[in-house]
$ cat structure-v3.tsv   # TSV, N, CA and C atoms
chain	number	residue	atom	x	y	z
R	187	MET	N	0.83	-1.20	0.00
R	187	MET	CA	0.00	0.00	0.00
R	187	MET	C	0.87	1.26	0.00
R	188	ILE	N	1.98	1.23	0.73
R	188	ILE	CA	2.88	2.39	0.76
R	188	ILE	C	3.43	2.66	-0.64
R	189	GLY	N	3.77	1.60	-1.36
R	189	GLY	CA	4.27	1.74	-2.73
R	189	GLY	C	3.26	2.40	-3.64
R	190	ILE	N	2.00	2.07	-3.45
R	190	ILE	CA	0.94	2.66	-4.26
R	190	ILE	C	0.83	4.16	-3.97
R	191	ILE	N	0.88	4.51	-2.70
R	191	ILE	CA	0.79	5.93	-2.31
R	191	ILE	C	1.98	6.71	-2.86
R	192	ILE	N	3.18	6.13	-2.77
R	192	ILE	CA	4.37	6.79	-3.29
R	192	ILE	C	4.27	6.95	-4.81
R	193	ALA	N	3.73	5.94	-5.49
R	193	ALA	CA	3.55	6.04	-6.94
R	193	ALA	C	2.59	7.16	-7.30
R	194	ILE	N	1.50	7.26	-6.57
R	194	ILE	CA	0.52	8.32	-6.85
R	194	ILE	C	1.14	9.70	-6.58
R	195	LEU	N	1.86	9.84	-5.47
R	195	LEU	CA	2.52	11.13	-5.17
R	195	LEU	C	3.56	11.47	-6.23
R	196	GLY	N	4.35	10.49	-6.64
R	196	GLY	CA	5.35	10.73	-7.68
R	196	GLY	C	4.71	11.12	-9.00
R	197	GLY	N	3.61	10.46	-9.35
R	197	GLY	CA	2.89	10.82	-10.57
R	197	GLY	C	2.35	12.24	-10.52
R	198	LEU	N	1.82	12.61	-9.34
R	198	LEU	CA	1.33	13.99	-9.17
R	198	LEU	C	2.45	15.00	-9.34
R	199	LEU	N	3.60	14.74	-8.72
R	199	LEU	CA	4.72	15.68	-8.81
R	199	LEU	C	5.28	15.77	-10.23
R	200	ALA	N	5.43	14.62	-10.88
R	200	ALA	CA	6.04	14.61	-12.21
R	200	ALA	C	5.15	15.30	-13.25
R	201	SER	N	3.86	15.21	-13.06
R	201	SER	CA	2.94	15.81	-14.03
R	201	SER	C	2.25	17.05	-13.47
R	202	SER	N	2.84	17.65	-12.46
R	202	SER	CA	2.19	18.77	-11.76
R	202	SER	C	1.87	19.95	-12.67
R	203	SER	N	2.73	20.26	-13.61
R	203	SER	CA	2.48	21.44	-14.45
R	203	SER	C	1.21	21.27	-15.29
R	204	ILE	N	1.00	20.10	-15.82
R	204	ILE	CA	-0.20	19.88	-16.64
R	204	ILE	C	-1.45	19.75	-15.76
R	205	ILE	N	-1.29	19.17	-14.58
R	205	ILE	CA	-2.43	19.04	-13.66
R	205	ILE	C	-2.88	20.42	-13.19
R	206	ILE	N	-1.92	21.28	-12.84
R	206	ILE	CA	-2.25	22.63	-12.37
R	206	ILE	C	-2.89	23.44	-13.50
R	207	ALA	N	-2.42	23.23	-14.74
R	207	ALA	CA	-3.00	23.96	-15.87
R	207	ALA	C	-4.47	23.56	-16.07
R	208	LYS	N	-4.78	22.29	-15.85
R	208	LYS	CA	-6.16	21.81	-16.03
R	208	LYS	C	-7.03	22.06	-14.80
R	209	LYS	N	-6.43	21.92	-13.61
R	209	LYS	CA	-7.17	22.07	-12.34
R	209	LYS	C	-6.37	23.00	-11.43
R	210	PRO	N	-6.56	24.31	-11.52
R	210	PRO	CA	-5.78	25.25	-10.71
R	210	PRO	C	-5.92	25.01	-9.19
R	211	ASN	N	-7.03	24.44	-8.75
R	211	ASN	CA	-7.20	24.20	-7.32
R	211	ASN	C	-6.30	23.06	-6.81
R	212	ALA	N	-5.71	22.29	-7.71
R	212	ALA	CA	-4.80	21.21	-7.31
R	212	ALA	C	-3.44	21.76	-6.88
R	213	LYS	N	-3.16	23.01	-7.20
R	213	LYS	CA	-1.87	23.62	-6.86
R	213	LYS	C	-1.60	23.57	-5.36
R	214	GLU	N	-2.63	23.75	-4.57
R	214	GLU	CA	-2.48	23.73	-3.12
R	214	GLU	C	-1.93	22.39	-2.63
R	215	LEU	N	-2.51	21.31	-3.11
R	215	LEU	CA	-2.07	19.97	-2.72
R	215	LEU	C	-0.64	19.71	-3.20
R	216	ILE	N	-0.37	20.05	-4.45
R	216	ILE	CA	0.96	19.80	-5.01
R	216	ILE	C	2.02	20.62	-4.30
R	217	ASP	N	1.68	21.85	-3.93
R	217	ASP	CA	2.63	22.70	-3.18
R	217	ASP	C	2.99	22.08	-1.83
R	218	LYS	N	2.08	21.33	-1.24
R	218	LYS	CA	2.35	20.70	0.06
R	218	LYS	C	3.36	19.56	-0.06
R	219	ILE	N	3.37	18.85	-1.19
R	219	ILE	CA	4.29	17.71	-1.33
R	219	ILE	C	5.57	18.05	-2.11
R	220	THR	N	5.62	19.21	-2.75
R	220	THR	CA	6.79	19.60	-3.53
R	220	THR	C	8.09	19.65	-2.72
R	221	PRO	N	8.08	20.12	-1.45
R	221	PRO	CA	9.35	20.13	-0.70
R	221	PRO	C	9.96	18.73	-0.51
R	222	PHE	N	9.16	17.71	-0.66
R	222	PHE	CA	9.63	16.34	-0.47
R	222	PHE	C	9.93	15.66	-1.81
R	223	GLN	N	9.93	16.41	-2.89
R	223	GLN	CA	10.09	15.86	-4.23
R	223	GLN	C	11.34	15.01	-4.38
R	224	GLY	N	12.47	15.50	-3.92
R	224	GLY	CA	13.72	14.76	-4.06
R	224	GLY	C	13.68	13.42	-3.35
R	225	TRP	N	13.18	13.42	-2.11
R	225	TRP	CA	13.13	12.18	-1.35
R	225	TRP	C	12.09	11.22	-1.91
R	226	ILE	N	10.96	11.75	-2.36
R	226	ILE	CA	9.95	10.90	-2.99
R	226	ILE	C	10.55	10.28	-4.26
R	227	GLY	N	11.31	11.07	-5.00
R	227	GLY	CA	11.96	10.58	-6.21
R	227	GLY	C	12.95	9.48	-5.92
R	228	VAL	N	13.79	9.66	-4.91
R	228	VAL	CA	14.79	8.64	-4.56
R	228	VAL	C	14.10	7.35	-4.13
R	229	ILE	N	13.09	7.47	-3.28
R	229	ILE	CA	12.35	6.29	-2.83
R	229	ILE	C	11.68	5.61	-4.02
R	230	LEU	N	11.11	6.40	-4.90
R	230	LEU	CA	10.43	5.86	-6.07
R	230	LEU	C	11.42	5.15	-7.00
R	231	ALA	N	12.60	5.73	-7.18
R	231	ALA	CA	13.61	5.10	-8.04
R	231	ALA	C	14.05	3.75	-7.48
R	232	PHE	N	14.32	3.70	-6.18
R	232	PHE	CA	14.72	2.43	-5.58
R	232	PHE	C	13.56	1.44	-5.56
R	233	TRP	N	12.35	1.94	-5.32
R	233	TRP	CA	11.17	1.08	-5.32
R	233	TRP	C	10.97	0.50	-6.72
R	234	GLY	N	11.15	1.32	-7.75
R	234	GLY	CA	11.03	0.86	-9.13
R	234	GLY	C	12.10	-0.15	-9.48
R	235	LEU	N	13.32	0.10	-9.03
R	235	LEU	CA	14.41	-0.86	-9.28
R	235	LEU	C	14.11	-2.20	-8.61
R	236	TRP	N	13.62	-2.13	-7.37
R	236	TRP	CA	13.25	-3.37	-6.66
R	236	TRP	C	12.11	-4.08	-7.39
R	237	GLY	N	11.16	-3.32	-7.90
R	237	GLY	CA	10.04	-3.89	-8.66
R	237	GLY	C	10.51	-4.57	-9.94
R	238	LEU	N	11.49	-3.97	-10.61
R	238	LEU	CA	12.05	-4.59	-11.81
R	238	LEU	C	12.73	-5.91	-11.48
R	239	ILE	N	13.51	-5.91	-10.42
R	239	ILE	CA	14.19	-7.14	-10.00
R	239	ILE	C	13.16	-8.20	-9.63
R	240	SER	N	12.13	-7.81	-8.87
R	240	SER	CA	11.08	-8.75	-8.48
R	240	SER	C	10.33	-9.30	-9.69
R	241	SER	N	10.07	-8.45	-10.66
R	241	SER	CA	9.37	-8.91	-11.87
R	241	SER	C	10.19	-9.94	-12.63
R	242	VAL	N	11.48	-9.69	-12.76
R	242	VAL	CA	12.35	-10.64	-13.45
R	242	VAL	C	12.41	-11.95	-12.68
R	243	LEU	N	12.52	-11.87	-11.36
R	243	LEU	CA	12.61	-13.09	-10.55
R	243	LEU	C	11.30	-13.88	-10.55
R	244	ASN	N	10.18	-13.19	-10.77
R	244	ASN	CA	8.86	-13.84	-10.76
R	244	ASN	C	8.24	-13.93	-12.14
R	245	ILE	N	9.06	-14.07	-13.15
R	245	ILE	CA	8.55	-14.10	-14.52
R	245	ILE	C	7.64	-15.31	-14.76
R	246	GLY	N	7.74	-16.32	-13.91
R	246	GLY	CA	6.87	-17.48	-14.02
R	246	GLY	C	5.42	-17.15	-13.72
R	247	ASN	N	5.16	-16.05	-13.07
R	247	ASN	CA	3.80	-15.63	-12.73
R	247	ASN	C	3.20	-14.71	-13.79
R	248	LEU	N	3.66	-14.88	-15.01
R	248	LEU	CA	3.23	-14.02	-16.11
R	248	LEU	C	1.70	-13.96	-16.18
R	249	GLY	N	1.18	-12.75	-16.11
R	249	GLY	CA	-0.27	-12.53	-16.15
R	249	GLY	C	-0.54	-11.05	-16.07
R	250	LEU	N	-1.79	-10.69	-15.89
R	250	LEU	CA	-2.18	-9.28	-15.84
R	250	LEU	C	-1.50	-8.54	-14.70
R	251	TYR	N	-1.54	-9.09	-13.50
R	251	TYR	CA	-0.92	-8.43	-12.35
R	251	TYR	C	0.59	-8.30	-12.55
R	252	TRP	N	1.22	-9.31	-13.12
R	252	TRP	CA	2.66	-9.28	-13.35
R	252	TRP	C	3.00	-8.17	-14.36
R	253	MET	N	2.20	-8.07	-15.42
R	253	MET	CA	2.48	-7.05	-16.44
R	253	MET	C	2.26	-5.65	-15.89
R	254	ILE	N	1.20	-5.47	-15.10
R	254	ILE	CA	0.97	-4.16	-14.49
R	254	ILE	C	2.12	-3.82	-13.55
R	255	ALA	N	2.55	-4.81	-12.75
R	255	ALA	CA	3.66	-4.58	-11.81
R	255	ALA	C	4.94	-4.22	-12.56
R	256	LEU	N	5.21	-4.86	-13.69
R	256	LEU	CA	6.41	-4.55	-14.47
R	256	LEU	C	6.36	-3.13	-15.03
R	257	VAL	N	5.23	-2.76	-15.61
R	257	VAL	CA	5.10	-1.41	-16.18
R	257	VAL	C	5.19	-0.37	-15.07
R	258	VAL	N	4.54	-0.63	-13.93
R	258	VAL	CA	4.61	0.30	-12.80
R	258	VAL	C	6.06	0.47	-12.36
R	259	ALA	N	6.79	-0.64	-12.26
R	259	ALA	CA	8.19	-0.59	-11.82
R	259	ALA	C	9.05	0.24	-12.78
R	260	ILE	N	8.86	0.06	-14.06
R	260	ILE	CA	9.65	0.80	-15.06
R	260	ILE	C	9.34	2.30	-14.94
R	261	VAL	N	8.06	2.63	-14.90
R	261	VAL	CA	7.67	4.05	-14.84
R	261	VAL	C	8.09	4.65	-13.50
R	262	GLU	N	7.97	3.87	-12.40
R	262	GLU	CA	8.43	4.37	-11.10
R	262	GLU	C	9.92	4.70	-11.13
R	263	PHE	N	10.70	3.84	-11.76
R	263	PHE	CA	12.14	4.09	-11.82
R	263	PHE	C	12.44	5.36	-12.61
R	264	VAL	N	11.80	5.52	-13.76
R	264	VAL	CA	12.06	6.70	-14.61
R	264	VAL	C	11.64	7.97	-13.88
R	265	VAL	N	10.41	7.98	-13.35
R	265	VAL	CA	9.92	9.17	-12.65
R	265	VAL	C	10.76	9.43	-11.39
R	266	GLY	N	11.08	8.37	-10.66
R	266	GLY	CA	11.90	8.52	-9.46
R	266	GLY	C	13.26	9.11	-9.77
R	267	PHE	N	13.87	8.62	-10.84
R	267	PHE	CA	15.17	9.15	-11.26
R	267	PHE	C	15.08	10.64	-11.58
R	268	LEU	N	14.04	11.01	-12.31
R	268	LEU	CA	13.88	12.42	-12.69
R	268	LEU	C	13.60	13.32	-11.50
R	269	LEU	N	12.71	12.86	-10.61
R	269	LEU	CA	12.37	13.69	-9.44
R	269	LEU	C	13.50	13.73	-8.42
R	270	GLY	N	14.23	12.64	-8.29
R	270	GLY	CA	15.26	12.56	-7.27
R	270	GLY	C	16.66	12.81	-7.77
R	271	TYR	N	16.80	13.25	-9.02
R	271	TYR	CA	18.14	13.40	-9.59
R	271	TYR	C	19.04	14.31	-8.77
R	272	GLY	N	18.49	15.38	-8.23
R	272	GLY	CA	19.32	16.30	-7.43
R	272	GLY	C	19.96	15.59	-6.25
R	273	LEU	N	19.18	14.81	-5.52
R	273	LEU	CA	19.72	14.08	-4.37
R	273	LEU	C	20.62	12.93	-4.81
R	274	ILE	N	20.22	12.23	-5.88
R	274	ILE	CA	21.04	11.12	-6.38
R	274	ILE	C	22.40	11.65	-6.80
R	275	SER	N	22.40	12.76	-7.51
R	275	SER	CA	23.66	13.37	-7.95
R	275	SER	C	24.51	13.81	-6.77
R	276	LYS	N	23.86	14.41	-5.79
R	276	LYS	CA	24.59	14.93	-4.62
R	276	LYS	C	25.24	13.82	-3.81
R	277	TYR	N	24.52	12.73	-3.59
R	277	TYR	CA	25.02	11.70	-2.69
R	277	TYR	C	25.70	10.52	-3.38
R	278	LEU	N	25.35	10.23	-4.63
R	278	LEU	CA	25.93	9.06	-5.28
R	278	LEU	C	26.91	9.39	-6.40
R	279	LEU	N	26.68	10.48	-7.10
R	279	LEU	CA	27.47	10.77	-8.29
R	279	LEU	C	28.51	11.87	-8.09
R	280	GLU	N	28.45	12.57	-6.98
R	280	GLU	CA	29.31	13.73	-6.75
R	280	GLU	C	30.79	13.41	-6.85
R	281	SER	N	31.20	12.26	-6.36
R	281	SER	CA	32.63	11.95	-6.30
R	281	SER	C	33.19	11.47	-7.64
R	282	ASN	N	32.34	11.07	-8.56
R	282	ASN	CA	32.80	10.54	-9.84
R	282	ASN	C	32.28	11.43	-10.96
R	283	GLU	N	33.16	12.20	-11.56
R	283	GLU	CA	32.77	13.17	-12.59
R	283	GLU	C	32.17	12.49	-13.82
R	284	THR	N	32.71	11.33	-14.22
R	284	THR	CA	32.19	10.61	-15.38
R	284	THR	C	30.77	10.14	-15.12
R	285	ALA	N	30.53	9.58	-13.93
R	285	ALA	CA	29.19	9.12	-13.58
R	285	ALA	C	28.22	10.29	-13.52
R	286	LYS	N	28.69	11.41	-13.03
R	286	LYS	CA	27.85	12.61	-12.93
R	286	LYS	C	27.45	13.09	-14.33
R	287	GLU	N	28.40	13.09	-15.27
R	287	GLU	CA	28.10	13.52	-16.63
R	287	GLU	C	27.14	12.56	-17.31
R	288	LYS	N	27.35	11.24	-17.13
R	288	LYS	CA	26.45	10.25	-17.73
R	288	LYS	C	25.05	10.34	-17.13
R	289	GLY	N	24.98	10.54	-15.83
R	289	GLY	CA	23.68	10.69	-15.17
R	289	GLY	C	22.94	11.91	-15.66
R	290	ASN	N	23.66	13.01	-15.83
R	290	ASN	CA	23.04	14.24	-16.33
R	290	ASN	C	22.58	14.07	-17.77
R	291	ALA	N	23.38	13.37	-18.59
R	291	ALA	CA	22.99	13.13	-19.99
R	291	ALA	C	21.72	12.27	-20.04
R	292	LEU	N	21.65	11.24	-19.21
R	292	LEU	CA	20.46	10.40	-19.15
R	292	LEU	C	19.25	11.21	-18.70
R	293	ARG	N	19.45	12.05	-17.70
R	293	ARG	CA	18.37	12.89	-17.20
R	293	ARG	C	17.85	13.81	-18.30
R	294	MET	N	18.75	14.39	-19.07
R	294	MET	CA	18.33	15.29	-20.16
R	294	MET	C	17.51	14.55	-21.21
R	295	LYS	N	17.89	13.30	-21.50
R	295	LYS	CA	17.14	12.51	-22.48
R	295	LYS	C	15.75	12.16	-21.95
R	296	LEU	N	15.65	11.90	-20.65
R	296	LEU	CA	14.38	11.47	-20.06
R	296	LEU	C	13.46	12.60	-19.68
R	297	THR	N	13.98	13.83	-19.58
R	297	THR	CA	13.18	14.96	-19.10
R	297	THR	C	11.94	15.19	-19.95
R	298	ARG	N	12.05	15.00	-21.24
R	298	ARG	CA	10.88	15.24	-22.11
R	298	ARG	C	9.76	14.23	-21.85
R	299	TYR	N	10.09	13.11	-21.19
R	299	TYR	CA	9.09	12.10	-20.88
R	299	TYR	C	8.52	12.25	-19.46
R	300	GLN	N	8.96	13.25	-18.73
R	300	GLN	CA	8.55	13.38	-17.33
R	300	GLN	C	7.04	13.54	-17.17
R	301	ILE	N	6.43	14.43	-17.90
R	301	ILE	CA	4.99	14.65	-17.74
R	301	ILE	C	4.19	13.42	-18.20
R	302	PRO	N	4.46	12.86	-19.40
R	302	PRO	CA	3.71	11.66	-19.77
R	302	PRO	C	3.95	10.50	-18.79
R	303	ALA	N	5.19	10.32	-18.35
R	303	ALA	CA	5.47	9.25	-17.39
R	303	ALA	C	4.77	9.50	-16.06
R	304	GLY	N	4.71	10.76	-15.65
R	304	GLY	CA	4.00	11.10	-14.42
R	304	GLY	C	2.52	10.79	-14.52
R	305	LEU	N	1.92	11.12	-15.67
R	305	LEU	CA	0.50	10.82	-15.87
R	305	LEU	C	0.25	9.32	-15.89
R	306	ILE	N	1.14	8.59	-16.57
R	306	ILE	CA	1.02	7.12	-16.62
R	306	ILE	C	1.15	6.55	-15.22
R	307	LEU	N	2.12	7.04	-14.46
R	307	LEU	CA	2.33	6.54	-13.10
R	307	LEU	C	1.12	6.86	-12.22
R	308	LEU	N	0.55	8.02	-12.38
R	308	LEU	CA	-0.64	8.40	-11.63
R	308	LEU	C	-1.80	7.45	-11.93
R	309	VAL	N	-2.03	7.18	-13.21
R	309	VAL	CA	-3.10	6.27	-13.61
R	309	VAL	C	-2.81	4.85	-13.11
R	310	LEU	N	-1.57	4.39	-13.27
R	310	LEU	CA	-1.22	3.05	-12.80
R	310	LEU	C	-1.30	2.94	-11.28
R	311	GLY	N	-0.94	4.02	-10.58
R	311	GLY	CA	-1.06	4.02	-9.12
R	311	GLY	C	-2.50	3.90	-8.69
R	312	ILE	N	-3.38	4.64	-9.36
R	312	ILE	CA	-4.80	4.57	-9.04
R	312	ILE	C	-5.35	3.18	-9.40
R	313	LEU	N	-4.95	2.64	-10.55
R	313	LEU	CA	-5.36	1.29	-10.96
R	313	LEU	C	-4.89	0.26	-9.93
R	314	SER	N	-3.65	0.39	-9.48
R	314	SER	CA	-3.11	-0.52	-8.47
R	314	SER	C	-3.89	-0.40	-7.17
R	315	LEU	N	-4.27	0.82	-6.81
R	315	LEU	CA	-5.05	1.03	-5.59
R	315	LEU	C	-6.42	0.35	-5.71
R	316	VAL	N	-7.06	0.49	-6.86
R	316	VAL	CA	-8.36	-0.15	-7.09
R	316	VAL	C	-8.20	-1.68	-7.03
R	317	LEU	N	-7.17	-2.22	-7.69
R	317	LEU	CA	-6.94	-3.67	-7.65
R	317	LEU	C	-6.62	-4.14	-6.24
R	318	PHE	N	-5.89	-3.34	-5.49
R	318	PHE	CA	-5.55	-3.70	-4.11
R	318	PHE	C	-6.81	-3.74	-3.23
R	319	ILE	N	-7.67	-2.74	-3.41
R	319	ILE	CA	-8.87	-2.65	-2.59
R	319	ILE	C	-9.88	-3.75	-2.95
R	320	THR	N	-10.00	-4.01	-4.25
R	320	THR	CA	-10.99	-5.00	-4.68
R	320	THR	C	-10.49	-6.43	-4.58
R	321	GLY	N	-9.20	-6.57	-4.40
R	321	GLY	CA	-8.78	-7.82	-4.15
R	321	GLY	C	-7.94	-8.82	-4.49
$ encode --input "structure-v3.tsv" --output "structure tokens"
Amino acid sequence: MIGIIIAILGGLLASSSIIIAKKPNAKELIDKITPFQGWIGVILAFWGLWGLISSVLNIGNLGLYWMIALVVAIVEFVVGFLLGYGLISKYLLESNETAKEKGNALRMKLTRYQIPAGLILLVLGILSLVLFITG
């Protein structure tokens, strides 16, 4: 359940500009979680990485839930990386200039996908919540 909540928050943050443009009253909610963007991103990136590993290890369970979990994990990792890049760079890439440059290059390539990935993550988070509640 925590993973679902983090996915929904990450989706909201990643797609915040388009959400605010469509629903100006959502700005209040998004402003409350924006200070935690970096940490939500880092948690989301690691959660997505763990989900990818789990999906590969459980490939024998191929089905609807497995496919949703795999897509959620991929999108969580991408959105998490984009939202948490500042903290990731500060704590993991700072000491290695080559890694820092490669990380920044990857971030630049992925930035154009941030809003669509955020919207996808938001929808998948809500779908996961519905599947979790129903059973």
$ select_by_dssp --input "structure-v3.tsv" --residues "chain R" --states "alpha helix (DSSP H)" --output "ChimeraX atom specification"
/R:188-200,202-208,213-219,223-243,250-274,283-297,300-320
$ closest_residue --input "structure-v3.tsv" --among "R:Met294, R:Leu310, R:Ala231, R:Ile239" --to "Val258 (chain R)" --atoms "only N, CA and C atoms"
R:Leu310
$ closest_residue --input "structure-v3.tsv" --among "R:Leu296, R:Val309, R:Ala207, R:Leu278" --to "Ile254 (chain R)" --atoms "only C-alpha atoms"
R:Val309
$ axis_aligned_box --input "structure-v3.tsv" --around "region 279-295 of chain R" --padding-each-side "4 Å" --output "AutoDock Vina command-line options"
--center_x 24.5 --center_y 12.2 --center_z -14.4 --size_x 25.4 --size_y 14.2 --size_z 24.2
$ atom_distance --input "structure-v3.tsv" --atom1 "CA of Leu305 (chain R)" --atom2 "CA of Ile319 (chain R)"
21.1 Å
$ closest_residue --input "structure-v3.tsv" --among "R:Lys218, R:Ile312, R:Ile192, R:Gly227" --to "Val265 (chain R)" --atoms "only N, CA and C atoms"
R:Gly227
$ atom_distance --input "structure-v3.tsv" --atom1 "CA of Gly249 (chain R)" --atom2 "CA of Gly196 (chain R)"
25.4 Å
$ atom_distance --input "structure-v3.tsv" --atom1 "CA of Leu268 (chain R)" --atom2 "CA of Ala200 (chain R)"
8.2 Å
$ residues_around --input "structure-v3.tsv" --residues "Leu256 (chain R)" --least-positions-apart "3" --cutoff "7 Å" --atoms "all atoms listed in the file" --output "list in words"
Gly237, Leu238, Ser241, Tyr251, Trp252, Met253, Ala259, Ile260 and Val261 of chain R
$ closest_residue --input "structure-v3.tsv" --among "R:Leu313, R:Ile206, R:Val228, R:Leu292" --to "Tyr271 (chain R)" --atoms "all atoms listed in the file"
R:Val228
$ closest_residue --input "structure-v3.tsv" --among "R:Leu230, R:Leu279, R:Ile194, R:Met187" --to "Phe263 (chain R)" --atoms "only C-alpha atoms"
R:Leu230
$ closest_residue --input "structure-v3.tsv" --among "R:Val316, R:Leu273, R:Val242, R:Ala291" --to "Gln223 (chain R)" --atoms "only N, CA and C atoms"
R:Leu273
$ residues_near_point --input "structure-v3.tsv" --point "(4.3, 5.3, -13.2)" --cutoff "5 Å" --atoms "all atoms listed in the file" --output "list in words"
Val261, Glu262, Ile306, Leu307 and Leu308 of chain R
$ decode --input "structure-v3.tsv" --residues "region 233-251 of chain R" --atoms "N, CA and C atoms" --output "short mmCIF file (atom, residue, chain, number, x, y, z; two decimals), in the first residue's frame"
data_model
loop_
_atom_site.label_atom_id
_atom_site.label_comp_id
_atom_site.auth_asym_id
_atom_site.auth_seq_id
_atom_site.Cartn_x
_atom_site.Cartn_y
_atom_site.Cartn_z
N TRP R 233 12.35 1.94 -5.32
CA TRP R 233 11.17 1.08 -5.32
C TRP R 233 10.97 0.50 -6.72
N GLY R 234 11.15 1.32 -7.75
CA GLY R 234 11.03 0.86 -9.13
C GLY R 234 12.10 -0.15 -9.48
N LEU R 235 13.32 0.10 -9.03
CA LEU R 235 14.41 -0.86 -9.28
C LEU R 235 14.11 -2.20 -8.61
N TRP R 236 13.62 -2.13 -7.37
CA TRP R 236 13.25 -3.37 -6.66
C TRP R 236 12.11 -4.08 -7.39
N GLY R 237 11.16 -3.32 -7.90
CA GLY R 237 10.04 -3.89 -8.66
C GLY R 237 10.51 -4.57 -9.94
N LEU R 238 11.49 -3.97 -10.61
CA LEU R 238 12.05 -4.59 -11.81
C LEU R 238 12.73 -5.91 -11.48
N ILE R 239 13.51 -5.91 -10.42
CA ILE R 239 14.19 -7.14 -10.00
C ILE R 239 13.16 -8.20 -9.63
N SER R 240 12.13 -7.81 -8.87
CA SER R 240 11.08 -8.75 -8.48
C SER R 240 10.33 -9.30 -9.69
N SER R 241 10.07 -8.45 -10.66
CA SER R 241 9.37 -8.91 -11.87
C SER R 241 10.19 -9.94 -12.63
N VAL R 242 11.48 -9.69 -12.76
CA VAL R 242 12.35 -10.64 -13.45
C VAL R 242 12.41 -11.95 -12.68
N LEU R 243 12.52 -11.87 -11.36
CA LEU R 243 12.61 -13.09 -10.55
C LEU R 243 11.30 -13.88 -10.55
N ASN R 244 10.18 -13.19 -10.77
CA ASN R 244 8.86 -13.84 -10.76
C ASN R 244 8.24 -13.93 -12.14
N ILE R 245 9.06 -14.07 -13.15
CA ILE R 245 8.55 -14.10 -14.52
C ILE R 245 7.64 -15.31 -14.76
N GLY R 246 7.74 -16.32 -13.91
CA GLY R 246 6.87 -17.48 -14.02
C GLY R 246 5.42 -17.15 -13.72
N ASN R 247 5.16 -16.05 -13.07
CA ASN R 247 3.80 -15.63 -12.73
C ASN R 247 3.20 -14.71 -13.79
N LEU R 248 3.66 -14.88 -15.01
CA LEU R 248 3.23 -14.02 -16.11
C LEU R 248 1.70 -13.96 -16.18
N GLY R 249 1.18 -12.75 -16.11
CA GLY R 249 -0.27 -12.53 -16.15
C GLY R 249 -0.54 -11.05 -16.07
N LEU R 250 -1.79 -10.69 -15.89
CA LEU R 250 -2.18 -9.28 -15.84
C LEU R 250 -1.50 -8.54 -14.70
N TYR R 251 -1.54 -9.09 -13.50
CA TYR R 251 -0.92 -8.43 -12.35
C TYR R 251 0.59 -8.30 -12.55
#
